[in-house]
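Below is protein15.tsv, holding TSV, C-alpha atoms.
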```
chain	number	residue	atom	x	y	z
A	1	MET	CA	-48.80	-3.73	-2.67
A	2	LEU	CA	-49.09	-6.53	-5.22
A	3	VAL	CA	-51.34	-6.01	-8.26
A	4	LEU	CA	-52.56	-9.10	-10.13
A	5	HIS	CA	-54.04	-9.27	-13.61
A	6	PRO	CA	-56.11	-12.24	-14.82
A	7	PRO	CA	-55.58	-15.10	-15.17
A	8	ALA	CA	-52.61	-14.89	-12.77
A	9	PRO	CA	-52.62	-17.47	-9.93
A	10	LEU	CA	-52.31	-16.38	-6.32
A	11	PRO	CA	-48.58	-16.40	-5.47
A	12	PRO	CA	-47.07	-17.08	-2.01
A	13	LEU	CA	-47.70	-14.06	0.19
A	14	PRO	CA	-45.73	-12.57	3.09
A	15	PRO	CA	-47.61	-11.51	6.26
A	16	GLY	CA	-49.51	-8.26	5.91
A	17	GLN	CA	-49.33	-8.21	2.10
A	18	THR	CA	-51.99	-6.22	0.22
A	19	VAL	CA	-53.13	-7.83	-3.04
A	20	VAL	CA	-55.22	-5.97	-5.61
A	21	LEU	CA	-57.13	-8.00	-8.19
A	22	GLU	CA	-57.81	-6.14	-11.41
A	23	ALA	CA	-61.00	-6.89	-13.37
A	24	GLY	CA	-61.20	-10.28	-15.02
A	25	VAL	CA	-61.58	-13.98	-14.19
A	26	TYR	CA	-59.11	-15.78	-11.91
A	27	ARG	CA	-58.98	-19.56	-11.68
A	28	GLY	CA	-59.44	-21.10	-8.26
A	29	PRO	CA	-59.71	-22.64	-5.83
A	30	TRP	CA	-57.44	-20.41	-3.73
A	31	GLU	CA	-56.26	-20.66	-0.13
A	32	ILE	CA	-54.64	-17.96	2.00
A	33	ARG	CA	-52.66	-19.18	5.04
A	34	THR	CA	-50.71	-15.99	5.77
A	35	PRO	CA	-51.79	-13.65	8.60
A	36	GLY	CA	-52.90	-10.11	7.87
A	37	VAL	CA	-53.23	-10.40	4.09
A	38	ARG	CA	-55.63	-7.92	2.42
A	39	LEU	CA	-57.24	-9.12	-0.82
A	40	LEU	CA	-58.93	-6.17	-2.53
A	41	ALA	CA	-60.92	-6.85	-5.70
A	42	ARG	CA	-61.58	-4.18	-8.31
A	43	PRO	CA	-65.07	-4.09	-9.88
A	44	GLY	CA	-65.36	-7.01	-12.29
A	45	ALA	CA	-62.77	-9.22	-10.53
A	46	VAL	CA	-64.17	-12.78	-10.37
A	47	LEU	CA	-62.78	-15.88	-8.70
A	48	ASP	CA	-63.97	-19.03	-10.50
A	49	GLY	CA	-63.82	-22.05	-8.22
A	50	GLY	CA	-63.83	-24.45	-11.14
A	51	GLY	CA	-66.53	-26.57	-9.48
A	52	GLN	CA	-63.88	-28.04	-7.18
A	53	GLY	CA	-64.86	-27.62	-3.55
A	54	SER	CA	-64.83	-24.19	-1.93
A	55	ALA	CA	-63.51	-21.32	-4.04
A	56	LEU	CA	-61.55	-19.42	-1.36
A	57	THR	CA	-60.31	-20.66	2.02
A	58	LEU	CA	-58.92	-18.31	4.65
A	59	SER	CA	-57.02	-20.01	7.47
A	60	ALA	CA	-54.89	-17.43	9.28
A	61	PRO	CA	-55.73	-14.51	11.59
A	62	GLY	CA	-56.55	-11.02	10.39
A	63	ILE	CA	-57.19	-11.66	6.69
A	64	VAL	CA	-59.42	-9.15	4.87
A	65	VAL	CA	-61.27	-9.83	1.60
A	66	GLU	CA	-63.21	-7.00	-0.04
A	67	GLY	CA	-65.30	-6.63	-3.18
A	68	LEU	CA	-64.73	-10.09	-4.63
A	69	GLU	CA	-67.20	-11.95	-6.85
A	70	VAL	CA	-67.18	-15.77	-6.70
A	71	ARG	CA	-68.75	-18.33	-9.00
A	72	ASP	CA	-68.80	-22.06	-9.74
A	73	VAL	CA	-68.13	-23.74	-6.39
A	74	GLY	CA	-68.44	-27.48	-5.83
A	75	LEU	CA	-71.69	-29.36	-5.22
A	76	GLY	CA	-70.84	-30.83	-1.80
A	77	ASP	CA	-73.84	-30.06	0.42
A	78	ASP	CA	-72.87	-31.52	3.80
A	79	PHE	CA	-74.74	-29.26	6.24
A	80	TYR	CA	-71.69	-28.39	8.36
A	81	GLU	CA	-69.02	-28.47	5.64
A	82	PRO	CA	-70.64	-27.52	2.34
A	83	ASP	CA	-68.66	-26.34	-0.64
A	84	ALA	CA	-68.86	-22.58	-0.29
A	85	ALA	CA	-67.79	-19.38	-1.95
A	86	VAL	CA	-65.57	-18.51	1.04
A	87	VAL	CA	-64.54	-20.58	4.08
A	88	LEU	CA	-63.05	-19.03	7.22
A	89	TYR	CA	-61.37	-21.73	9.31
A	90	ARG	CA	-59.47	-20.74	12.45
A	91	CYS	CA	-59.42	-17.27	10.96
A	92	GLU	CA	-59.68	-15.06	14.03
A	93	GLY	CA	-60.57	-11.45	13.35
A	94	CYS	CA	-60.94	-11.97	9.60
A	95	VAL	CA	-63.22	-9.78	7.50
A	96	VAL	CA	-65.23	-10.58	4.37
A	97	ARG	CA	-66.89	-7.48	2.97
A	98	GLY	CA	-68.94	-6.90	-0.18
A	99	LEU	CA	-68.68	-10.47	-1.49
A	100	ARG	CA	-71.03	-11.43	-4.33
A	101	ALA	CA	-71.85	-15.08	-4.97
A	102	ARG	CA	-74.82	-16.36	-6.96
A	103	GLY	CA	-75.86	-19.91	-7.75
A	104	VAL	CA	-73.51	-21.38	-5.13
A	105	THR	CA	-74.06	-24.43	-2.91
A	106	GLY	CA	-72.92	-22.62	0.24
A	107	GLY	CA	-72.21	-18.94	0.67
A	108	ILE	CA	-69.79	-18.14	3.52
A	109	ARG	CA	-68.80	-20.63	6.23
A	110	VAL	CA	-67.22	-19.34	9.44
A	111	GLU	CA	-65.78	-22.05	11.70
A	112	GLN	CA	-63.69	-21.61	14.87
A	113	SER	CA	-63.11	-18.01	13.80
A	114	SER	CA	-63.96	-15.71	16.69
A	115	ARG	CA	-64.36	-11.97	16.08
A	116	ALA	CA	-64.80	-12.52	12.34
A	117	VAL	CA	-66.90	-9.97	10.43
A	118	VAL	CA	-69.08	-10.70	7.39
A	119	GLU	CA	-70.85	-7.64	6.07
A	120	ASN	CA	-72.60	-6.21	3.01
A	121	CYS	CA	-72.42	-9.46	1.05
A	122	THR	CA	-74.93	-10.72	-1.53
A	123	LEU	CA	-75.43	-14.48	-1.53
A	124	GLU	CA	-77.86	-16.49	-3.68
A	125	GLY	CA	-77.97	-20.25	-3.38
A	126	THR	CA	-79.37	-23.48	-4.79
A	127	LEU	CA	-81.44	-24.44	-1.69
A	128	ALA	CA	-78.96	-27.22	-0.88
A	129	ALA	CA	-76.89	-25.92	2.08
A	130	PRO	CA	-76.68	-22.98	4.53
A	131	GLY	CA	-75.92	-19.57	3.07
A	132	LEU	CA	-74.07	-17.69	5.82
A	133	GLN	CA	-73.00	-20.09	8.55
A	134	ALA	CA	-71.09	-19.54	11.81
A	135	TYR	CA	-70.06	-22.55	13.89
A	136	ARG	CA	-68.22	-22.51	17.24
A	137	SER	CA	-67.20	-18.88	16.79
A	138	ASP	CA	-67.67	-16.15	19.42
A	139	GLU	CA	-68.19	-12.39	19.01
A	140	VAL	CA	-68.83	-12.75	15.29
A	141	VAL	CA	-70.55	-9.88	13.45
A	142	LEU	CA	-72.90	-10.76	10.56
A	143	ARG	CA	-74.19	-7.44	9.26
A	144	GLY	CA	-75.98	-5.96	6.27
A	145	ASN	CA	-76.01	-9.09	4.12
A	146	ARG	CA	-78.65	-10.03	1.56
A	147	ILE	CA	-79.13	-13.80	1.49
A	148	GLU	CA	-81.63	-15.76	-0.58
A	149	GLY	CA	-82.28	-19.31	-1.70
A	150	PHE	CA	-80.32	-21.51	0.72
A	151	LEU	CA	-81.39	-24.37	3.00
A	152	ASP	CA	-81.04	-22.01	5.97
A	153	ASN	CA	-80.16	-18.51	4.84
A	154	LEU	CA	-78.33	-17.58	8.05
A	155	TYR	CA	-77.37	-20.33	10.48
A	156	VAL	CA	-75.43	-20.01	13.74
A	157	GLU	CA	-74.54	-22.86	16.10
A	158	TYR	CA	-72.55	-22.50	19.33
A	159	GLY	CA	-71.56	-18.88	19.67
A	160	GLU	CA	-71.42	-16.24	22.39
A	161	ARG	CA	-72.00	-12.50	22.10
A	162	LEU	CA	-72.66	-12.55	18.37
A	163	VAL	CA	-74.17	-9.63	16.49
A	164	VAL	CA	-76.63	-10.48	13.71
A	165	GLU	CA	-78.02	-7.25	12.34
A	166	ASN	CA	-79.62	-5.62	9.31
A	167	ASN	CA	-79.61	-8.76	7.18
A	168	ARG	CA	-82.32	-9.49	4.61
A	169	LEU	CA	-83.26	-13.16	4.49
A	170	GLU	CA	-85.76	-14.50	1.94
A	171	GLY	CA	-86.73	-17.64	0.10
A	172	ALA	CA	-84.96	-20.25	2.24
A	173	ALA	CA	-85.84	-23.92	1.84
A	174	ARG	CA	-86.20	-24.07	5.63
A	175	TYR	CA	-85.29	-21.20	7.99
A	176	GLY	CA	-84.50	-17.64	7.07
A	177	LEU	CA	-82.78	-17.04	10.42
A	178	HIS	CA	-81.71	-20.00	12.57
A	179	LEU	CA	-79.73	-19.74	15.81
A	180	MET	CA	-78.90	-22.69	18.07
A	181	PHE	CA	-76.97	-22.82	21.36
A	182	THR	CA	-76.16	-19.11	21.41
A	183	TYR	CA	-75.54	-16.96	24.47
A	184	GLN	CA	-76.11	-13.20	24.66
A	185	ALA	CA	-76.55	-12.83	20.92
A	186	GLN	CA	-77.80	-9.50	19.57
A	187	VAL	CA	-80.32	-10.10	16.78
A	188	ARG	CA	-81.57	-6.77	15.49
A	189	GLY	CA	-82.83	-5.00	12.41
A	190	ASN	CA	-83.16	-8.17	10.29
A	191	HIS	CA	-85.91	-8.82	7.73
A	192	SER	CA	-86.84	-12.51	7.45
A	193	GLN	CA	-89.76	-13.27	5.17
A	194	ARG	CA	-91.22	-15.66	2.63
A	195	ASN	CA	-89.17	-18.66	3.73
A	196	ARG	CA	-90.50	-22.21	3.63
A	197	VAL	CA	-90.75	-22.57	7.44
A	198	GLY	CA	-89.88	-19.25	9.09
A	199	SER	CA	-87.14	-18.40	11.60
A	200	ALA	CA	-86.03	-20.07	14.81
A	201	ILE	CA	-83.94	-19.40	17.91
A	202	MET	CA	-83.32	-22.57	19.90
A	203	HIS	CA	-81.59	-23.88	23.03
A	204	GLY	CA	-79.91	-20.60	23.97
A	205	ALA	CA	-79.90	-18.10	26.81
A	206	GLU	CA	-80.03	-14.34	27.35
A	207	ASN	CA	-80.38	-13.55	23.66
A	208	ARG	CA	-81.87	-10.19	22.63
A	209	VAL	CA	-84.12	-9.98	19.56
A	210	GLU	CA	-84.92	-6.37	18.65
A	211	VAL	CA	-86.44	-4.36	15.78
A	212	ASN	CA	-86.72	-7.33	13.39
A	213	LEU	CA	-89.43	-8.09	10.84
A	214	PHE	CA	-90.77	-11.66	10.65
A	215	ALA	CA	-93.32	-11.68	7.85
A	216	GLU	CA	-95.30	-13.58	5.24
A	217	GLU	CA	-94.67	-17.10	6.49
A	218	VAL	CA	-97.95	-18.64	5.38
A	219	GLY	CA	-98.37	-22.42	5.26
A	220	PRO	CA	-99.34	-25.40	7.42
A	221	LEU	CA	-96.01	-25.65	9.26
A	222	ARG	CA	-94.93	-22.01	9.17
A	223	TYR	CA	-94.40	-19.27	11.72
A	224	GLY	CA	-92.66	-15.92	11.93
A	225	LEU	CA	-90.39	-16.99	14.79
A	226	LEU	CA	-90.04	-20.11	16.91
A	227	LEU	CA	-88.54	-19.89	20.39
A	228	GLN	CA	-87.65	-23.39	21.54
A	229	GLU	CA	-86.05	-24.07	24.92
A	230	GLU	CA	-84.77	-20.51	25.18
A	231	TRP	CA	-84.04	-18.96	28.59
A	232	LYS	CA	-84.30	-15.27	29.44
A	233	THR	CA	-84.72	-14.20	25.84
A	234	VAL	CA	-85.87	-10.60	25.32
A	235	LEU	CA	-87.96	-9.67	22.27
A	236	ARG	CA	-88.47	-5.92	21.83
A	237	ASP	CA	-89.87	-3.72	19.02
A	238	ASN	CA	-90.21	-6.59	16.53
A	239	HIS	CA	-92.99	-6.80	13.95
A	240	PHE	CA	-94.73	-10.11	13.27
A	241	ALA	CA	-96.88	-9.64	10.17
A	242	ARG	CA	-99.03	-11.87	7.95
A	243	ASN	CA	-97.83	-15.23	9.30
A	244	THR	CA	-99.83	-18.39	9.99
A	245	ILE	CA	-98.37	-18.15	13.52
A	246	GLY	CA	-96.57	-14.97	14.52
A	247	LEU	CA	-94.55	-16.16	17.53
A	248	LEU	CA	-94.49	-19.80	18.62
A	249	SER	CA	-93.13	-20.54	22.10
A	250	LEU	CA	-92.12	-24.10	22.90
A	251	ASP	CA	-90.66	-24.66	26.37
A	252	SER	CA	-89.06	-21.22	26.59
A	253	ARG	CA	-88.66	-19.83	30.09
A	254	ASP	CA	-88.58	-16.29	31.45
A	255	THR	CA	-89.24	-14.75	28.05
A	256	ARG	CA	-89.82	-10.99	27.97
A	257	LEU	CA	-92.03	-9.67	25.18
A	258	GLU	CA	-91.95	-5.87	25.07
A	259	ALA	CA	-93.31	-3.29	22.60
A	260	ASN	CA	-93.71	-5.75	19.71
A	261	ARG	CA	-96.41	-5.50	17.05
A	262	PHE	CA	-98.47	-8.46	15.82
A	263	SER	CA	-100.55	-7.66	12.76
A	264	SER	CA	-102.68	-9.78	10.41
A	265	ASN	CA	-101.44	-13.16	11.63
A	266	GLY	CA	-103.56	-16.30	11.90
A	267	THR	CA	-102.53	-16.78	15.55
A	268	ALA	CA	-100.33	-13.98	16.85
A	269	LEU	CA	-98.88	-15.77	19.89
A	270	LEU	CA	-99.08	-19.54	20.41
A	271	PHE	CA	-97.82	-21.60	23.34
A	272	ALA	CA	-97.43	-25.23	22.34
A	273	ARG	CA	-97.18	-28.01	24.88
A	274	ASP	CA	-94.15	-30.20	25.23
A	275	THR	CA	-92.80	-30.32	28.78
A	276	ASP	CA	-94.94	-27.46	30.13
A	277	GLN	CA	-92.16	-24.96	30.88
A	278	ASN	CA	-93.42	-21.92	28.93
A	279	THR	CA	-93.19	-18.69	30.93
A	280	LEU	CA	-93.62	-15.24	29.43
A	281	ASN	CA	-94.10	-11.66	30.57
A	282	ALA	CA	-95.66	-9.43	27.89
A	283	THR	CA	-95.93	-5.65	28.27
A	284	GLY	CA	-96.62	-2.83	25.82
A	285	ASN	CA	-97.25	-5.02	22.78
A	286	THR	CA	-99.85	-4.28	20.10
A	287	PHE	CA	-102.19	-6.85	18.50
A	288	VAL	CA	-104.24	-5.80	15.47
A	289	GLY	CA	-106.00	-7.70	12.71
A	290	ASN	CA	-105.08	-11.20	13.91
A	291	LEU	CA	-107.51	-14.08	13.62
A	292	HIS	CA	-106.51	-15.05	17.20
A	293	ASP	CA	-104.28	-12.92	19.40
A	294	LEU	CA	-103.40	-15.71	21.83
A	295	ALA	CA	-103.78	-19.48	21.91
A	296	VAL	CA	-102.40	-21.85	24.54
A	297	ASP	CA	-101.88	-25.59	24.17
A	298	ASP	CA	-99.92	-25.89	27.41
A	299	PRO	CA	-102.06	-26.15	30.56
A	300	ARG	CA	-99.22	-25.09	32.85
A	301	ALA	CA	-97.88	-22.18	30.79
A	302	ARG	CA	-97.41	-19.05	32.89
A	303	VAL	CA	-98.34	-16.02	30.84
A	304	VAL	CA	-98.39	-12.55	32.40
A	305	LEU	CA	-100.00	-9.81	30.29
A	306	LYS	CA	-99.94	-6.19	31.35
A	307	GLY	CA	-100.50	-2.95	29.45
A	308	ASN	CA	-100.79	-4.41	25.95
A	309	ALA	CA	-103.01	-2.90	23.24
A	310	PHE	CA	-105.62	-4.96	21.36
A	311	ASP	CA	-107.98	-4.01	18.57
A	312	ARG	CA	-110.68	-6.01	20.38
A	313	ALA	CA	-110.17	-4.38	23.79
A	314	ALA	CA	-112.91	-2.12	25.13
A	315	PRO	CA	-112.02	1.56	25.71
A	316	LEU	CA	-112.67	1.01	29.43
A	317	PRO	CA	-110.30	0.20	32.32
A	318	ILE	CA	-111.39	-3.44	32.50
A	319	PRO	CA	-109.44	-6.69	31.98
A	320	HIS	CA	-109.25	-8.05	28.44
A	321	LEU	CA	-108.55	-11.64	27.42
A	322	PRO	CA	-106.77	-11.74	24.04
A	323	SER	CA	-108.09	-15.24	23.38
A	324	SER	CA	-111.36	-17.12	23.33
A	325	SER	CA	-112.67	-20.53	24.17
A	326	PHE	CA	-112.53	-21.36	20.46
A	327	ALA	CA	-108.85	-20.35	20.21
A	328	LEU	CA	-108.03	-22.52	23.20
A	329	LEU	CA	-110.01	-25.45	21.83
A	330	SER	CA	-108.54	-25.18	18.34
A	331	ALA	CA	-105.01	-25.17	19.81
A	332	ARG	CA	-105.82	-28.60	21.23
A	333	GLN	CA	-108.03	-29.81	18.37
A	334	PRO	CA	-106.64	-28.28	15.16
A	335	ASP	CA	-109.44	-29.70	13.01
A	336	LEU	CA	-111.71	-27.07	14.57
A	337	SER	CA	-109.75	-24.43	12.66
A	338	LEU	CA	-111.93	-25.25	9.67
A	339	PHE	CA	-114.73	-23.40	11.47
A	340	ALA	CA	-112.64	-20.40	12.51
A	341	LEU	CA	-114.49	-17.90	10.30
A	342	SER	CA	-117.91	-19.53	10.37
A	343	PRO	CA	-120.85	-17.28	11.37
A	344	GLY	CA	-121.47	-19.31	14.51
A	345	MET	CA	-117.91	-18.94	15.78
A	346	LEU	CA	-117.81	-15.22	15.00
A	347	LEU	CA	-121.05	-14.73	16.95
A	348	TRP	CA	-119.76	-16.79	19.86
A	349	GLU	CA	-116.52	-14.80	20.06
A	350	ALA	CA	-118.45	-11.54	19.84
A	351	ALA	CA	-120.59	-12.68	22.78
A	352	GLU	CA	-117.53	-13.67	24.79
A	353	ALA	CA	-116.03	-10.24	24.28
A	354	ARG	CA	-118.97	-8.73	26.15
A	355	VAL	CA	-119.49	-11.32	28.88
A	356	PRO	CA	-116.40	-11.65	31.08
A	357	GLY	CA	-117.89	-14.66	32.82
A	358	LEU	CA	-117.39	-16.67	29.64
A	359	ARG	CA	-113.68	-15.85	29.43
A	360	LEU	CA	-110.69	-17.65	30.85
A	361	LEU	CA	-109.62	-14.72	33.01
A	362	ALA	CA	-106.33	-16.30	34.06
A	363	LEU	CA	-104.93	-15.08	30.71
A	364	ALA	CA	-106.45	-11.61	30.88
A	365	ASP	CA	-104.56	-8.35	30.61
A	366	PRO	CA	-105.70	-6.20	33.58
A	367	GLU	CA	-104.43	-2.97	32.01
A	368	ALA	CA	-105.35	-3.53	28.37
A	369	LEU	CA	-105.53	-0.60	25.97
A	370	PRO	CA	-107.62	-0.29	22.79
A	371	ALA	CA	-105.73	-0.32	19.50
A	372	SER	CA	-106.97	1.00	16.17
A	373	ARG	CA	-108.59	-1.67	14.07
A	374	PRO	CA	-107.38	-2.28	10.52
A	375	ILE	CA	-109.45	-0.82	7.71
A	376	THR	CA	-110.94	-4.19	6.78
A	377	SER	CA	-112.45	-6.21	9.58
A	378	ILE	CA	-111.28	-9.57	8.21
A	379	ALA	CA	-108.43	-9.62	5.73
A	380	PRO	CA	-108.96	-12.11	2.86
A	381	GLY	CA	-105.69	-13.83	3.75
A	382	LEU	CA	-107.03	-14.83	7.15
A	383	VAL	CA	-109.38	-17.33	5.50
A	384	GLY	CA	-106.36	-19.14	4.15
A	385	LEU	CA	-104.56	-18.84	7.46
A	386	ALA	CA	-107.48	-20.46	9.24
A	387	LEU	CA	-107.41	-23.43	6.87
A	388	LEU	CA	-103.65	-23.79	6.94
A	389	SER	CA	-103.61	-23.84	10.73
A	390	LEU	CA	-105.37	-27.21	10.51
A	391	LEU	CA	-102.22	-28.98	9.28
A	392	GLY	CA	-99.91	-26.75	11.28
A	393	GLY	CA	-101.67	-27.51	14.54
A	394	ALA	CA	-101.69	-31.23	13.80
A	395	TRP	CA	-97.92	-31.09	13.32
A	396	LEU	CA	-97.40	-29.27	16.62
A	397	ARG	CA	-99.35	-31.95	18.45
A	398	SER	CA	-97.39	-34.80	16.88
```
Could you rewrite the structure in this file as structure tokens?
Amino acid sequence: MLVLHPPAPLPPLPPGQTVVLEAGVYRGPWEIRTPGVRLLARPGAVLDGGGQGSALTLSAPGIVVEGLEVRDVGLGDDFYEPDAAVVLYRCEGCVVRGLRARGVTGGIRVEQSSRAVVENCTLEGTLAAPGLQAYRSDEVVLRGNRIEGFLDNLYVEYGERLVVENNRLEGAARYGLHLMFTYQAQVRGNHSQRNRVGSAIMHGAENRVEVNLFAEEVGPLRYGLLLQEEWKTVLRDNHFARNTIGLLSLDSRDTRLEANRFSSNGTALLFARDTDQNTLNATGNTFVGNLHDLAVDDPRARVVLKGNAFDRAAPLPIPHLPSSSFALLSARQPDLSLFALSPGMLLWEAAEARVPGLRLLALADPEALPASRPITSIAPGLVGLALLSLLGGAWLRS
């Protein structure tokens, strides 16, 4: 074991060396190119990058870094190669645990580093670059991190069998959670909320999205989660709460929506047209307090609803359509959203709920269940959601 005291530089290290950093400030940037090194930081140990690029680069297999605090990285904000607190490059099986980095351009960048683990880190950024980023790395585990204030808080591109779990993602300049070109990823237990756009999973296949919270994404272009050109994605036990749009599907095929909860959204579930390939099977989901439960702007979307619970469903074994002619029209003509809470529209929708002949029964749930209504019939925030959907819908049509 090697014990360093500040401001000692990092000396050459043999394979498998354990290095303990005592409290104090160390001058970086540092790079570790030796396999199996363990860098263990005592409380109060800080690596200062000196504003010169990334503070710590790991580029050999099996390196472990624990408990380190990093500050003052460079300002380079290239999306794929930003200056970051820690960079893992060709660092297979490396572990970064308990890192703390505030006011940094990029947080942790993982590139070509399969089976890497990043867990229990706290990252706060300057809105300029991704916070925790994995690129062309398989079987990576990103767990228990708290990430705030980056361009995308957590961004993954090209990865198979990743695990993204129990992360808290807030205040991003774009996406809280953003996955692209992933296969069989496990996305579970994450909280993504109050970001400038929302979260997105795009161009992947057989991903599983379970027990996540997507909340408080309120604005003209905002949604809890976007699925774009996904195939065989499974969403189970997620909660979509207080978003302009809860779940937006754009050309996603064979989606399974099971046991999710949609509460107090403007539009809970929206299918937007592009190339008319939306297909979804929804069972056991609950819709309460939404301005619209379902809207479709895709004439050829195939939506199968069975056994879902709605706060507007009658307590009788009859089909229920979780939409209305107004919801369908406003999906195609967003300017109509200005009238969403007008007395005339509320009366029309109330009449439709009682006259099945007025409903578009092709979207009905034949085994619908009643769900308990929220305490207030119309939450004050829904007025704002109705107005914001005007600009949001116009963007989706563009």
Kindly provide the residues of stretch 101-163 of chain A that approach stretch 57-74 of chain A to within 8 Å, each paired with its closest atom pair and their distance in Å to one decimal, based on all atoms listed in the file, listed by chain and increasing number, as a tab-separated table.
```
residue	atom	partner	partner_atom	distance
A:Ala101	CA	A:Val70	CA	5.0
A:Arg102	CA	A:Arg71	CA	6.7
A:Gly103	CA	A:Arg71	CA	7.4
A:Val104	CA	A:Val73	CA	6.0
A:Thr105	CA	A:Val73	CA	6.9
```
**Prompt:** What gap, in Å, lies between atom CA of A:Gly131 and atom CA of A:Leu151?
**Reply:**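 Computing it gives 7.3 Å between the two atoms.
In this comparison, which uses all atoms listed in the file, the residue of A:Ser264, A:Thr233, A:Asp48, A:Gly159 approaching A:Gly24 most closely is A:Asp48.
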Please list, as a short mmCIF file (atom, residue, chain, number, x, y, z; two decimals) with C-alpha atoms, keeping the file's coordinate frame, the residues that have an atom at most 6 Å away from (-68.4, -16.4, 6.8) in the coordinates of this file, counting only C-alpha atoms.
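New file point_3.cif:
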```
data_model
loop_
_atom_site.label_atom_id
_atom_site.label_comp_id
_atom_site.auth_asym_id
_atom_site.auth_seq_id
_atom_site.Cartn_x
_atom_site.Cartn_y
_atom_site.Cartn_z
CA LEU A 88 -63.05 -19.03 7.22
CA ILE A 108 -69.79 -18.14 3.52
CA ARG A 109 -68.80 -20.63 6.23
CA VAL A 110 -67.22 -19.34 9.44
CA VAL A 118 -69.08 -10.70 7.39
CA LEU A 132 -74.07 -17.69 5.82
#
```
**Request:** In Å, rounded to a single decimal, give me how far atom CA of A:His203 is from atom CA of A:Val187.
**Result:**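 Between these atoms lies a distance of 15.2 Å.
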**Asked** What gap, in Å, lies between atom CA of A:Asp237 and atom CA of A:Ala282?
**Response**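 Interatomic distance, atom CA of A:Asp237 to atom CA of A:Ala282: 12.0 Å.
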**Item:** Best match for closeness to A:Glu230 among A:Ile245, A:Ala200, A:Leu213, A:Leu305, counting only C-alpha atoms
**Value:** A:Ala200
**Request:** Name the residues in contact with A:Leu13 at a cut-off of 12 Å, using only C-alpha atoms, excluding same-chain residues fewer than 6 positions from it; report them as a PyMOL selection string.
**Result:** chain A and resi 1-2+19+31-39+63
**Asked** So which one's closest to A:Arg161, A:Thr18, A:Thr122, A:Ser114, A:Gln133? Using all atoms listed in the file, please.
**Response** A:Ser114
**Asked** From the set A:His239, A:Ala371, A:Leu162, A:Gly246, which residue has the shortest atom-to-atom contact distance to A:Asn207, counting all atoms listed in the file?
**Response** A:Leu162
**Item:** Long-range neighbours of A:Phe310 as a PyMOL selection string, 10 Å cut-off, all atoms listed in the file, 2 positions minimum in chain
**Value:** chain A and resi 262+285-290+293+307-308+312-314+320-322+365+368-373
